[in-house]
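What follows is my_file_26.csv (CSV, C-alpha atoms and all ligand atoms).
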```
chain,number,residue,atom,x,y,z
A,1,MET,CA,-2.9,37.3,66.9
A,2,ILE,CA,-5.9,36.5,64.8
A,3,VAL,CA,-6.4,32.8,65.7
A,4,GLN,CA,-5.0,30.8,68.6
A,5,ARG,CA,-5.5,27.3,67.1
A,6,LEU,CA,-6.0,26.8,63.3
A,7,ALA,CA,-6.5,23.5,61.6
A,8,ILE,CA,-5.9,23.0,57.9
A,9,ILE,CA,-7.6,20.1,56.1
A,10,GLY,CA,-5.9,19.4,52.8
A,11,LEU,CA,-2.1,20.0,52.8
A,12,GLY,CA,-1.7,21.2,49.3
A,13,LEU,CA,-0.5,24.4,47.6
A,14,ILE,CA,-3.3,26.6,49.0
A,15,GLY,CA,-3.5,25.1,52.5
A,16,GLY,CA,0.3,25.0,52.8
A,17,SER,CA,0.7,28.6,51.5
A,18,LEU,CA,-1.9,29.9,54.0
A,19,ALA,CA,-0.1,28.1,56.8
A,20,ARG,CA,3.2,29.7,55.9
A,21,ALA,CA,1.7,33.1,55.4
A,22,LEU,CA,-0.2,33.2,58.7
A,23,ARG,CA,2.9,32.0,60.6
A,24,ALA,CA,5.1,34.7,58.9
A,25,ALA,CA,2.5,37.3,59.8
A,26,GLY,CA,2.4,36.1,63.4
A,27,ALA,CA,-1.3,35.7,63.1
A,28,VAL,CA,-1.7,32.2,64.5
A,29,ALA,CA,-0.3,30.5,67.6
A,30,HIS,CA,-0.6,26.8,66.5
A,31,ILE,CA,-1.4,25.1,63.2
A,32,SER,CA,-2.6,21.5,63.0
A,33,GLY,CA,-3.2,19.7,59.8
A,34,TYR,CA,-4.5,16.6,58.1
A,35,ASP,CA,-4.3,15.1,54.5
A,36,PRO,CA,-5.4,11.6,53.5
A,37,ASP,CA,-2.2,11.4,51.4
A,38,SER,CA,0.6,10.3,53.7
A,39,SER,CA,3.3,11.8,51.4
A,40,ARG,CA,1.6,15.2,51.8
A,41,ARG,CA,1.5,14.7,55.6
A,42,GLN,CA,5.2,13.9,55.6
A,43,ASP,CA,6.1,16.9,53.4
A,44,ALA,CA,4.1,19.2,55.7
A,45,GLU,CA,6.0,17.9,58.8
A,46,ARG,CA,9.5,17.8,57.1
A,47,LEU,CA,9.1,21.3,55.8
A,48,CYS,CA,7.7,22.6,59.2
A,49,VAL,CA,4.7,24.1,57.4
A,50,ILE,CA,2.4,22.7,60.1
A,51,ASP,CA,3.1,22.4,63.8
A,52,LYS,CA,1.4,19.0,64.2
A,53,VAL,CA,0.1,16.7,61.5
A,54,TYR,CA,-2.5,14.1,62.4
A,55,ASP,CA,-3.6,10.8,60.9
A,56,THR,CA,-7.3,11.6,61.1
A,57,PRO,CA,-9.3,14.8,60.4
A,58,VAL,CA,-11.1,14.5,63.8
A,59,ALA,CA,-7.8,14.6,65.7
A,60,ALA,CA,-6.5,17.5,63.6
A,61,VAL,CA,-9.5,19.8,64.4
A,62,ARG,CA,-10.0,18.8,68.0
A,63,GLU,CA,-8.8,22.1,69.6
A,64,ALA,CA,-9.2,24.4,66.6
A,65,ASP,CA,-10.9,27.7,66.7
A,66,LEU,CA,-10.8,28.0,62.9
A,67,VAL,CA,-10.8,25.1,60.3
A,68,VAL,CA,-9.8,25.7,56.7
A,69,LEU,CA,-10.9,23.1,54.2
A,70,ALA,CA,-8.3,23.4,51.4
A,71,VAL,CA,-9.3,20.3,49.3
A,72,PRO,CA,-10.6,19.9,45.7
A,73,VAL,CA,-14.1,21.4,45.5
A,74,MET,CA,-16.0,18.2,45.1
A,75,HIS,CA,-14.4,16.9,48.3
A,76,THR,CA,-15.3,19.9,50.4
A,77,ALA,CA,-18.5,18.6,52.0
A,78,ASP,CA,-17.0,15.2,52.7
A,79,ALA,CA,-14.0,16.8,54.3
A,80,LEU,CA,-16.4,18.9,56.4
A,81,LEU,CA,-18.4,15.9,57.5
A,82,ASP,CA,-15.2,14.0,58.3
A,83,CYS,CA,-13.9,16.6,60.7
A,84,LEU,CA,-17.2,17.8,62.3
A,85,PRO,CA,-17.3,15.1,65.0
A,86,GLY,CA,-14.0,16.5,66.4
A,87,CYS,CA,-14.9,20.2,66.2
A,88,LYS,CA,-15.5,22.5,69.2
A,89,THR,CA,-19.1,23.8,69.4
A,90,ASP,CA,-18.0,27.4,68.6
A,91,VAL,CA,-15.7,26.5,65.7
A,92,VAL,CA,-15.7,28.5,62.5
A,93,ILE,CA,-15.1,26.6,59.2
A,94,THR,CA,-14.1,28.1,55.9
A,95,ASP,CA,-13.1,26.8,52.5
A,96,VAL,CA,-10.9,28.0,49.6
A,97,GLY,CA,-12.6,26.3,46.7
A,98,SER,CA,-12.6,27.8,43.2
A,99,THR,CA,-16.4,27.3,42.7
A,100,LYS,CA,-18.9,28.7,45.2
A,101,GLN,CA,-22.4,27.7,44.3
A,102,SER,CA,-21.5,24.0,44.3
A,103,VAL,CA,-19.6,24.2,47.6
A,104,LEU,CA,-22.6,26.0,49.3
A,105,ALA,CA,-25.1,23.4,47.8
A,106,ASP,CA,-22.9,20.5,48.9
A,107,VAL,CA,-22.5,21.8,52.4
A,108,ALA,CA,-26.3,22.5,52.6
A,109,ARG,CA,-27.0,18.9,51.5
A,110,ALA,CA,-24.5,17.5,54.0
A,111,CYS,CA,-25.7,19.6,57.0
A,112,GLY,CA,-29.4,20.2,56.1
A,113,SER,CA,-28.7,23.9,55.5
A,114,VAL,CA,-25.5,26.0,55.3
A,115,PRO,CA,-24.6,26.4,58.9
A,116,PRO,CA,-24.1,30.0,60.3
A,117,TRP,CA,-20.5,29.1,61.2
A,118,PHE,CA,-19.5,28.2,57.6
A,119,VAL,CA,-17.8,30.9,55.5
A,120,ALA,CA,-17.4,30.2,51.8
A,121,ALA,CA,-14.3,31.9,50.4
A,122,HIS,CA,-12.0,31.8,47.4
A,123,PRO,CA,-8.5,33.3,47.3
A,124,ILE,CA,-7.7,34.6,43.8
A,125,ALA,CA,-4.1,33.4,43.9
A,126,GLY,CA,-2.4,30.2,42.9
A,127,THR,CA,0.0,28.6,40.6
A,128,GLU,CA,0.0,25.5,38.3
A,129,LYS,CA,1.9,23.6,41.0
A,130,SER,CA,0.3,21.3,43.5
A,131,GLY,CA,1.2,20.1,47.0
A,132,VAL,CA,2.5,21.6,50.2
A,133,ALA,CA,6.1,21.3,49.0
A,134,HIS,CA,5.3,24.2,46.6
A,135,ALA,CA,3.7,26.4,49.3
A,136,GLN,CA,4.7,30.1,49.1
A,137,THR,CA,4.6,32.5,52.0
A,138,ASP,CA,3.7,35.5,49.7
A,139,LEU,CA,1.1,33.7,47.5
A,140,PHE,CA,-1.8,35.8,48.7
A,141,ARG,CA,-0.1,39.2,49.2
A,142,ARG,CA,-2.0,41.9,47.2
A,143,HIS,CA,-4.4,39.4,45.8
A,144,ARG,CA,-8.2,39.3,46.2
A,145,VAL,CA,-10.1,36.9,48.4
A,146,ILE,CA,-13.8,36.6,47.6
A,147,LEU,CA,-16.3,35.8,50.3
A,148,THR,CA,-19.8,34.6,49.1
A,149,PRO,CA,-22.0,35.0,52.2
A,150,HIS,CA,-25.1,33.0,52.6
A,151,ASP,CA,-28.4,33.8,54.4
A,152,GLY,CA,-28.1,33.3,58.1
A,153,GLN,CA,-24.3,33.5,58.2
A,154,ASP,CA,-22.8,34.5,61.6
A,155,PRO,CA,-21.3,38.0,61.1
A,156,ALA,CA,-18.6,37.1,63.7
A,157,ALA,CA,-17.6,34.0,61.7
A,158,ARG,CA,-17.3,36.1,58.5
A,159,ALA,CA,-15.3,38.8,60.3
A,160,LEU,CA,-12.8,36.2,61.6
A,161,VAL,CA,-12.2,34.8,58.1
A,162,ASN,CA,-11.9,38.3,56.7
A,163,ARG,CA,-9.3,39.2,59.4
A,164,MET,CA,-7.4,36.0,58.6
A,165,TRP,CA,-7.1,36.8,54.9
A,166,GLN,CA,-6.2,40.5,55.6
A,167,ALA,CA,-3.4,39.3,57.9
A,168,VAL,CA,-1.7,37.6,55.0
A,169,GLY,CA,-2.0,40.8,52.8
A,170,ALA,CA,-5.1,39.9,50.8
A,171,ARG,CA,-7.9,42.3,49.9
A,172,VAL,CA,-11.2,40.8,50.9
A,173,VAL,CA,-14.4,41.5,48.8
A,174,GLU,CA,-17.9,40.0,49.0
A,175,MET,CA,-19.9,38.8,46.1
A,176,ASP,CA,-23.0,36.7,45.3
A,177,ALA,CA,-22.0,33.0,44.7
A,178,ALA,CA,-23.7,32.9,41.2
A,179,ARG,CA,-21.9,36.0,40.0
A,180,HIS,CA,-18.6,34.6,41.4
A,181,ASP,CA,-19.0,31.4,39.4
A,182,ALA,CA,-19.9,33.3,36.2
A,183,ILE,CA,-16.9,35.5,36.4
A,184,PHE,CA,-14.4,32.7,37.2
A,185,ALA,CA,-15.9,30.5,34.5
A,186,ALA,CA,-14.8,33.2,32.1
A,187,THR,CA,-11.4,34.2,33.4
A,188,SER,CA,-10.2,31.0,34.9
A,189,HIS,CA,-12.2,27.9,34.1
A,190,LEU,CA,-12.5,28.4,30.3
A,191,PRO,CA,-8.7,29.3,29.9
A,192,HIS,CA,-7.8,26.1,31.8
A,193,ILE,CA,-10.0,24.0,29.5
A,194,LEU,CA,-8.5,25.7,26.4
A,195,ALA,CA,-4.9,25.1,27.6
A,196,PHE,CA,-5.6,21.4,28.5
A,197,SER,CA,-7.4,20.9,25.2
A,198,PHE,CA,-4.7,22.7,23.1
A,199,VAL,CA,-1.8,20.8,24.7
A,200,ASP,CA,-3.6,17.5,24.3
A,201,MET,CA,-4.3,18.1,20.7
A,202,LEU,CA,-0.7,19.0,20.0
A,203,ALA,CA,0.5,15.9,21.9
A,204,GLN,CA,-1.6,13.8,19.5
A,205,LEU,CA,-0.1,15.6,16.5
A,206,ASP,CA,3.5,15.3,17.8
A,207,GLY,CA,4.1,11.8,16.3
A,208,GLU,CA,7.6,12.8,15.1
A,209,GLY,CA,8.5,14.6,18.4
A,210,ASP,CA,9.5,17.8,16.6
A,211,ILE,CA,6.5,20.0,17.6
A,212,PHE,CA,7.2,20.3,21.3
A,213,SER,CA,11.0,20.2,20.8
A,214,ASN,CA,10.8,23.3,18.6
A,215,ALA,CA,8.2,25.2,20.7
A,216,GLY,CA,9.0,28.7,21.7
A,217,GLY,CA,8.1,31.2,24.4
A,218,GLY,CA,4.5,31.7,23.1
A,219,PHE,CA,3.8,28.0,23.5
A,220,ARG,CA,5.4,28.0,27.0
A,221,ASP,CA,3.3,31.0,28.1
A,222,PHE,CA,0.0,29.8,26.7
A,223,SER,CA,0.4,26.2,27.9
A,224,ARG,CA,1.7,26.9,31.5
A,225,ILE,CA,-1.7,26.4,33.1
A,226,ALA,CA,-2.0,22.9,31.5
A,227,SER,CA,0.5,21.8,34.1
A,228,SER,CA,-2.2,22.3,36.8
A,229,SER,CA,-3.7,19.5,38.8
A,230,PRO,CA,-6.0,17.3,36.7
A,231,GLN,CA,-8.0,16.3,39.8
A,232,MET,CA,-8.5,19.9,40.9
A,233,TRP,CA,-9.6,21.0,37.4
A,234,HIS,CA,-11.9,18.0,36.9
A,235,ASP,CA,-13.6,19.0,40.1
A,236,ILE,CA,-13.9,22.7,39.1
A,237,VAL,CA,-15.4,22.0,35.6
A,238,ARG,CA,-17.8,19.4,37.1
A,239,ALA,CA,-18.9,21.8,39.8
A,240,ASN,CA,-19.6,24.7,37.4
A,241,THR,CA,-21.0,23.1,34.3
A,242,GLY,CA,-23.7,25.7,33.7
A,243,ALA,CA,-21.4,28.7,33.3
A,244,VAL,CA,-18.7,26.6,31.6
A,245,ARG,CA,-21.0,25.2,29.0
A,246,SER,CA,-22.3,28.5,27.7
A,247,LEU,CA,-18.8,30.0,27.6
A,248,LEU,CA,-17.5,27.0,25.7
A,249,ASP,CA,-20.4,27.4,23.2
A,250,ARG,CA,-19.4,31.1,22.7
A,251,GLN,CA,-15.7,30.1,22.3
A,252,ILE,CA,-16.5,27.4,19.7
A,253,ASN,CA,-18.6,30.0,17.8
A,254,GLU,CA,-15.7,32.4,18.0
A,255,LEU,CA,-13.3,29.8,16.6
A,256,GLN,CA,-15.7,28.9,13.8
A,257,ASN,CA,-16.0,32.6,13.1
A,258,ILE,CA,-12.2,32.8,12.7
A,259,ARG,CA,-12.2,29.7,10.5
A,260,ASN,CA,-14.8,31.4,8.3
A,261,MET,CA,-12.7,34.6,8.0
A,262,ILE,CA,-9.8,32.5,6.8
A,263,ASP,CA,-11.9,30.4,4.4
A,264,THR,CA,-13.4,33.5,2.9
A,265,GLU,CA,-10.2,35.5,3.0
A,266,ARG,CA,-11.7,38.3,5.2
A,267,TRP,CA,-8.2,39.4,6.4
A,268,ASP,CA,-9.4,42.9,7.5
A,269,ASP,CA,-12.0,41.3,9.8
A,270,LEU,CA,-9.3,38.9,11.2
A,271,LYS,CA,-6.9,41.9,11.9
A,272,ALA,CA,-9.8,43.9,13.4
A,273,LEU,CA,-10.5,41.0,15.8
A,274,PHE,CA,-6.8,40.7,16.8
A,275,GLU,CA,-6.8,44.5,17.4
A,276,ARG,CA,-9.9,44.4,19.6
A,277,ALA,CA,-8.4,41.6,21.6
A,278,ARG,CA,-5.1,43.4,22.0
A,279,THR,CA,-6.8,46.6,23.1
A,280,ALA,CA,-8.9,44.6,25.6
A,281,ARG,CA,-5.8,42.9,27.1
A,282,GLU,CA,-3.9,46.2,27.4
A,283,ARG,CA,-6.9,47.8,29.2
A,284,TYR,CA,-6.9,44.8,31.5
A,285,LEU,CA,-3.2,45.3,32.2
A,286,THR,CA,-3.7,48.9,33.2
A,287,GLN,CA,-6.6,47.9,35.5
A,288,ILE,CA,-4.4,45.5,37.5
A,289,GLU,CA,-1.4,47.8,37.8
A,301,LIG,N1,-4.1,26.0,43.0
A,301,LIG,C1,-4.7,27.1,42.7
A,301,LIG,O1,-4.2,27.9,41.8
A,301,LIG,C2,-5.9,27.5,43.5
A,301,LIG,C3,-6.3,28.9,43.6
A,301,LIG,C4,-7.4,29.2,44.4
A,301,LIG,C5,-8.2,28.2,44.9
A,301,LIG,N2,-7.8,26.9,44.8
A,301,LIG,C6,-8.7,25.9,45.4
A,301,LIG,O2,-8.0,25.4,46.5
A,301,LIG,C7,-8.3,24.1,46.8
A,301,LIG,C8,-7.0,23.3,47.0
A,301,LIG,O3,-6.2,23.5,45.8
A,301,LIG,P1,-4.6,23.2,45.9
A,301,LIG,O4,-4.1,23.9,44.7
A,301,LIG,O5,-4.1,23.4,47.2
A,301,LIG,O6,-4.6,21.6,45.5
A,301,LIG,P2,-3.5,20.5,45.9
A,301,LIG,O7,-3.7,19.4,45.0
A,301,LIG,O8,-2.2,21.1,46.0
A,301,LIG,O9,-4.0,20.1,47.4
A,301,LIG,C9,-5.2,19.5,47.7
A,301,LIG,C10,-5.0,18.6,48.9
A,301,LIG,O10,-6.3,18.1,49.3
A,301,LIG,C11,-6.2,16.8,49.7
A,301,LIG,N3,-7.5,16.1,49.8
A,301,LIG,C12,-8.2,15.6,48.9
A,301,LIG,N4,-9.4,15.1,49.4
A,301,LIG,C13,-9.4,15.4,50.7
A,301,LIG,C14,-10.3,15.1,51.8
A,301,LIG,N5,-11.5,14.6,51.6
A,301,LIG,N6,-9.9,15.5,53.0
A,301,LIG,C15,-8.7,16.1,53.3
A,301,LIG,N7,-7.8,16.4,52.3
A,301,LIG,C16,-8.1,16.0,51.0
A,301,LIG,C17,-5.3,16.2,48.7
A,301,LIG,O11,-4.6,15.0,49.1
A,301,LIG,C18,-4.2,17.3,48.4
A,301,LIG,O12,-3.1,17.2,49.2
A,301,LIG,C19,-9.2,23.6,45.6
A,301,LIG,O13,-10.5,23.6,46.0
A,301,LIG,C20,-9.0,24.7,44.6
A,301,LIG,O14,-10.1,24.8,43.8
A,301,LIG,C21,-6.7,26.5,44.1
```
Can I see the file as structure tokens?
Amino acid sequence: MIVQRLAIIGLGLIGGSLARALRAAGAVAHISGYDPDSSRRQDAERLCVIDKVYDTPVAAVREADLVVLAVPVMHTADALLDCLPGCKTDVVITDVGSTKQSVLADVARACGSVPPWFVAAHPIAGTEKSGVAHAQTDLFRRHRVILTPHDGQDPAARALVNRMWQAVGARVVEMDAARHDAIFAATSHLPHILAFSFVDMLAQLDGEGDIFSNAGGGFRDFSRIASSSPQMWHDIVRANTGAVRSLLDRQINELQNIRNMIDTERWDDLKALFERARTARERYLTQIE
């Protein structure tokens, strides 16, 4: 048993999947939960993802040894402040947010400094679905979880969060928060912006309704992540503007470069670019196997 009493604040895909995974692993004795959305609370109860769902965050965390904040990143510090009055003095609190510098800065602002018992974490696993109803027991198995430790963090708090993620089959690594945000701006935040922007542009073009109705597998693959939660992605982009801005500039330059190749009929250059990209993707695929 890793944790006797766990509280999950935010009964969405990630909070629900963590609850299911910890229970399946026999790593937790009791899970309480809270979400401001009553339909999410009802789903969590109906699907038996959470042992006891409460109407307030303070009630949900009252006896918890470990509290997981699984809310959109810009709500993390508020969720923390909402539950703190109910927490035990020796509680450990962690998050799952997709940006880490903003979460640490918001928590520092809310608490005066980042408390020793706070452990910033990001599971590198998810889907385009939202809500506890889509929670999956195996979501985190063989995926990474990144911890971004801060100065003064209690090593015992970090070790507890590390053990929790290992119990659900994840591989825990540690990284500086700024490096984390730069990496995920490139591999996650930019692709989501591109997918949302691409689908939005096609929707505006689709006056006759024959663009989407004739779309094939390539469109389905490329557009899948545009089905992700707009609230969650609004928060992520707003919380990581520095890294996102410079990558967007590079991408705009790259598209302009392709446009120039087409205008000037530099077809060998275009093919060379496609070849470089395909080689890079194949290398990536061998790395993750
Ligand atoms: N979905 C993914 O692929 C993925 C992957 C890794 C990390 N994350 C991160 O996990 C977090 C949750 O994402 P999700 O996919 O589970 O989203 P989700 O939309 O499925 O669930 C988020 C839940 O948080 C609740 N919530 C909002 N504000 C709250 C508050 N102040 N207090 C309590 N609950 C609140 C919402 O009502 C919602 O039920 C986000 O920070 C996201 O960046 C998501």
Problem - Neighbourhood of ligand LIG 301 (chain A) at 8 Å, counting all atoms listed in the file, reported as a ChimeraX atom specification - result: /A:9-16,34-37,40,57,69-76,78-79,82,95-99,122-132,228-229,231-233,235-236
Practice task
Just the residues within 12 Å of region 146-154 of chain A, please, counting all atoms listed in the file, with nothing from its chain fewer than 4 positions along; format it as a PyMOL selection string.
Solution key: chain A and resi 90-105+107-108+113-125+158-163+165-166+170-181+183-184
Practice task
Quick one: pull the distance between CA of Leu248 (chain A) and CA of Ala185 (chain A), Å, one decimal.
Solution key: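 About the pair CA of Leu248 (chain A) and CA of Ala185 (chain A): they are 9.6 Å apart.
Counting from CA of Glu63 (chain A), the distance to CA of Gln4 (chain A) is 9.5 Å.
When all atoms listed in the file are used to compute distances to Phe222 (chain A), the closest of the residues A:Ala19, A:Cys83, A:Arg259, A:Pro191 turns out to be A:Pro191.
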Handout entry: Counting all atoms listed in the file, the residue of A:Asp51, A:Ala60, A:Thr187, A:Gln136 that sits nearest Tyr284 (chain A)
Key = A:Thr187
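Around Ala59 (chain A), within 10 Å and counting all atoms listed in the file, the residues found are A:Ala7, A:Ser32, A:Gly33, A:Tyr34, A:Val53, A:Cys83, A:Pro85, A:Gly86, A:Cys87, once anything fewer than 6 positions away on its own chain is removed.
Of the residues listed (A:Asp65, A:Asp221, A:Asp268, A:Glu208), A:Asp65 shows the shortest atom-to-atom separation from Thr89 (chain A); distances use only C-alpha atoms.
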Handout entry: Distance query Arg5 (chain A) at most 9 Å, only C-alpha atoms, self and fewer than 3 positions along chain excluded, as a list of chain:residue names
Key =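 Skipping anything fewer than 3 positions along the chain leaves A:Val28, A:Ala29, A:His30, A:Ile31, A:Ser32, A:Val61, A:Glu63, A:Ala64, A:Asp65, A:Leu66, A:Val67.
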Problem - Residues within 8 Å of Leu247 (chain A), all atoms listed in the file, excluding chain neighbours under 2 positions, as number ranges by chain - result: A: 185-186, 190, 243-245, 249-251
